[in-house]
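Please read the structure below before turning to the comments.
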Amino acid sequence: MTATVQPFWKRKSLTQLDSQEWESLCDGCGLCCLQKLEDEDDGSVYYTRIACKLLDLTSCRCTDYPNRRKFVPDCIQLTPAAADQFQWLPATCAYRLVSEGRDLPAWHYLVSGDVDAVHRERISQSGRMLSENSVAEDDWEDYLIFRSG
């Protein structure tokens, strides 16, 4: 009888992941690259349909990931050390799920083997986003899509 080896995200903590494992958790939804507005009264984070200028609006991948901080200095770098701050990420985000000790959803490509499942399941905003270059910042509130939490 052969023992089944659990996938790395189940047998390792976030801080034990190597850089390839860490990066592979990203499902390509692009939701973390959407512009967000924070309610000053209660701290709630609202996602807009407005995407970072570097996000490809169809593939939901950064068009210059290695150099993104050069062009977008306030781009948030997700790291295992900051996992306790991942509550602002969407509930479907693998980084958040693994940090909370939960499993990846069936559509995640590490489970399904299908990198396009995130789009077919409409987890991503592929085809439904606007570039931040096309909408005045004062109008972002008109493009709210959901509250994180």
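By order in the structure tokens, chains are A, B, ...; within a chain, residues start at 1; ligands start at 1, following the order shown.
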
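Residues in contact with Arg147 in chain A at 10 Å, where only C-alpha atoms are counted and same-chain residues fewer than 5 positions away are skipped, are listed as Lys36, Leu37, Glu38, Ser44, Val45, Tyr46, Tyr47, Thr48, Trp88 and Pro90 of chain A.
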
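For the set A:Lys10, A:Arg61, A:His119, A:Arg69, the residue with the smallest atom-to-atom gap to Leu104 in chain A is A:Lys10, counting only C-alpha atoms.
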
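On the backbone of this structure, DSSP gives alpha helix (DSSP H) within range 6-38 of chain A to Phe8, Trp9, Lys10, Arg11, Ser19, Gln20, Glu21, Trp22, Glu23 and Ser24 of chain A.
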
Generate a file of the selected residues that holds N, CA and C atoms, formatted as a PDB file, in the first residue's frame.
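And here is the file that came out, out13.pdb:
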```pdb
ATOM      1  N   PHE A   8       1.853  20.360  -1.001  1.00  0.00           N
ATOM      2  CA  PHE A   8       2.707  21.225  -0.188  1.00  0.00           C
ATOM      3  C   PHE A   8       1.921  22.221   0.647  1.00  0.00           C
ATOM      4  N   TRP A   9       0.814  22.762   0.136  1.00  0.00           N
ATOM      5  CA  TRP A   9       0.065  23.783   0.884  1.00  0.00           C
ATOM      6  C   TRP A   9      -0.657  23.201   2.093  1.00  0.00           C
ATOM      7  N   LYS A  10      -0.762  21.866   2.155  1.00  0.00           N
ATOM      8  CA  LYS A  10      -1.372  21.225   3.318  1.00  0.00           C
ATOM      9  C   LYS A  10      -0.331  20.772   4.339  1.00  0.00           C
ATOM     10  N   ARG A  11       0.860  20.461   3.869  1.00  0.00           N
ATOM     11  CA  ARG A  11       1.868  19.927   4.784  1.00  0.00           C
ATOM     12  C   ARG A  11       2.897  20.952   5.247  1.00  0.00           C
ATOM     13  N   SER A  19      10.183  29.899  -2.727  1.00  0.00           N
ATOM     14  CA  SER A  19       9.620  30.982  -3.538  1.00  0.00           C
ATOM     15  C   SER A  19       8.752  30.443  -4.681  1.00  0.00           C
ATOM     16  N   GLN A  20       9.116  29.317  -5.272  1.00  0.00           N
ATOM     17  CA  GLN A  20       8.305  28.744  -6.353  1.00  0.00           C
ATOM     18  C   GLN A  20       6.949  28.278  -5.819  1.00  0.00           C
ATOM     19  N   GLU A  21       6.931  27.635  -4.667  1.00  0.00           N
ATOM     20  CA  GLU A  21       5.671  27.198  -4.064  1.00  0.00           C
ATOM     21  C   GLU A  21       4.806  28.409  -3.711  1.00  0.00           C
ATOM     22  N   TRP A  22       5.440  29.427  -3.119  1.00  0.00           N
ATOM     23  CA  TRP A  22       4.722  30.641  -2.741  1.00  0.00           C
ATOM     24  C   TRP A  22       4.052  31.276  -3.957  1.00  0.00           C
ATOM     25  N   GLU A  23       4.820  31.499  -5.011  1.00  0.00           N
ATOM     26  CA  GLU A  23       4.282  32.130  -6.211  1.00  0.00           C
ATOM     27  C   GLU A  23       3.204  31.273  -6.859  1.00  0.00           C
ATOM     28  N   SER A  24       3.328  29.944  -6.771  1.00  0.00           N
ATOM     29  CA  SER A  24       2.349  29.062  -7.412  1.00  0.00           C
ATOM     30  C   SER A  24       0.985  29.106  -6.729  1.00  0.00           C
TER      31      SER A  24
END
```

Checklist line | Residues within 6 Å of Ser131 in chain A, only C-alpha atoms, excluding chain neighbours under 2 positions, as a PyMOL selection string | finding: chain A and resi 50-51+53+133-134

Could you turn the residues from that selection into a file that holds C-alpha atoms, as a PDB file, in the first residue's frame?
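Heads up, here's the output in result-v1.pdb:
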```
ATOM      1  CA  ILE A  50     -10.759  49.503 -11.500  1.00  0.00           C
ATOM      2  CA  ALA A  51      -7.532  47.593 -12.163  1.00  0.00           C
ATOM      3  CA  LYS A  53      -2.449  50.088 -14.794  1.00  0.00           C
ATOM      4  CA  ASN A 133      -5.868  55.067 -16.576  1.00  0.00           C
ATOM      5  CA  SER A 134      -9.420  55.224 -17.958  1.00  0.00           C
TER       6      SER A 134
END
```

Next item on the list: Write down as a ChimeraX atom specification the residues belonging to range 29-143 of chain A that are assigned strand (DSSP E) by DSSP computed on the backbone.
Entry: /A:34-38,45-51,130-131

Using only C-alpha atoms, please write the residues we just selected to a file, as a short mmCIF file (atom, residue, chain, number, x, y, z; two decimals), in the first residue's frame.
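Once everything was written out, this is again35.cif:
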```
data_model
loop_
_atom_site.label_atom_id
_atom_site.label_comp_id
_atom_site.auth_asym_id
_atom_site.auth_seq_id
_atom_site.Cartn_x
_atom_site.Cartn_y
_atom_site.Cartn_z
CA LEU A 34 -7.97 45.98 -8.19
CA GLN A 35 -8.11 49.43 -6.66
CA LYS A 36 -9.66 49.41 -3.22
CA LEU A 37 -11.34 52.04 -1.10
CA GLU A 38 -11.28 51.93 2.69
CA VAL A 45 -12.21 47.52 2.39
CA TYR A 46 -14.27 47.82 -0.78
CA TYR A 47 -13.01 46.45 -4.08
CA THR A 48 -13.64 48.40 -7.25
CA ARG A 49 -13.75 47.20 -10.85
CA ILE A 50 -10.76 49.50 -11.50
CA ALA A 51 -7.53 47.59 -12.16
CA LEU A 130 -11.39 48.97 -16.40
CA SER A 131 -7.83 50.28 -16.30
#
```

Checklist line | Atom pair CA of Trp140 in chain A / CA of Gln87 in chain A: separation (Å) | finding: 21.8 Å

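Distances from A:Gln85, A:Thr4, A:Thr58, A:Thr63 to Cys29 in chain A were compared using only C-alpha atoms, and the smallest one belongs to A:Thr58.
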
Next item on the list: Would you work out the distance separating CA of Cys33 in chain A from CA of Cys60 in chain A, expressed in Å to one decimal?
Entry: 8.5 Å

Checklist line | d(CA of Tyr109 in chain A, CA of Asp27 in chain A) in Å | finding: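 Between these atoms lies a distance of 6.8 Å.
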
Notebook entry, point to check: What's the 9 Å shell around Trp107 in chain A, counting only C-alpha atoms, without same-chain residues fewer than 6 positions away, as a VMD selection string?
Noted result: chain A and resid 113 to 118 121

Item checked: Among the residues A:Lys12, A:Arg96, A:Arg120, A:Arg128, the one that comes closest to Ser148 in chain A [using only C-alpha atoms] ->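 Closest residue, counting only C-alpha atoms: A:Arg96.
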
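For the set A:Gln6, A:Thr79, A:Phe71, A:Phe146, the residue with the smallest atom-to-atom gap to Leu31 in chain A is A:Phe146, counting only C-alpha atoms.
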
Notebook entry, point to check: From the list A:Val5, A:Leu110, A:Ile123, A:Leu25, which residue is nearest Leu97 in chain A when using only C-alpha atoms?
Noted result: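 The shortest atom-to-atom distance to Leu97 in chain A comes from A:Leu25.
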
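Of the residues under consideration (A:Cys52, A:Cys93, A:Leu14, A:Asp103), A:Cys52 shows the shortest atom-to-atom contact distance to Asp74 in chain A when counting only C-alpha atoms.
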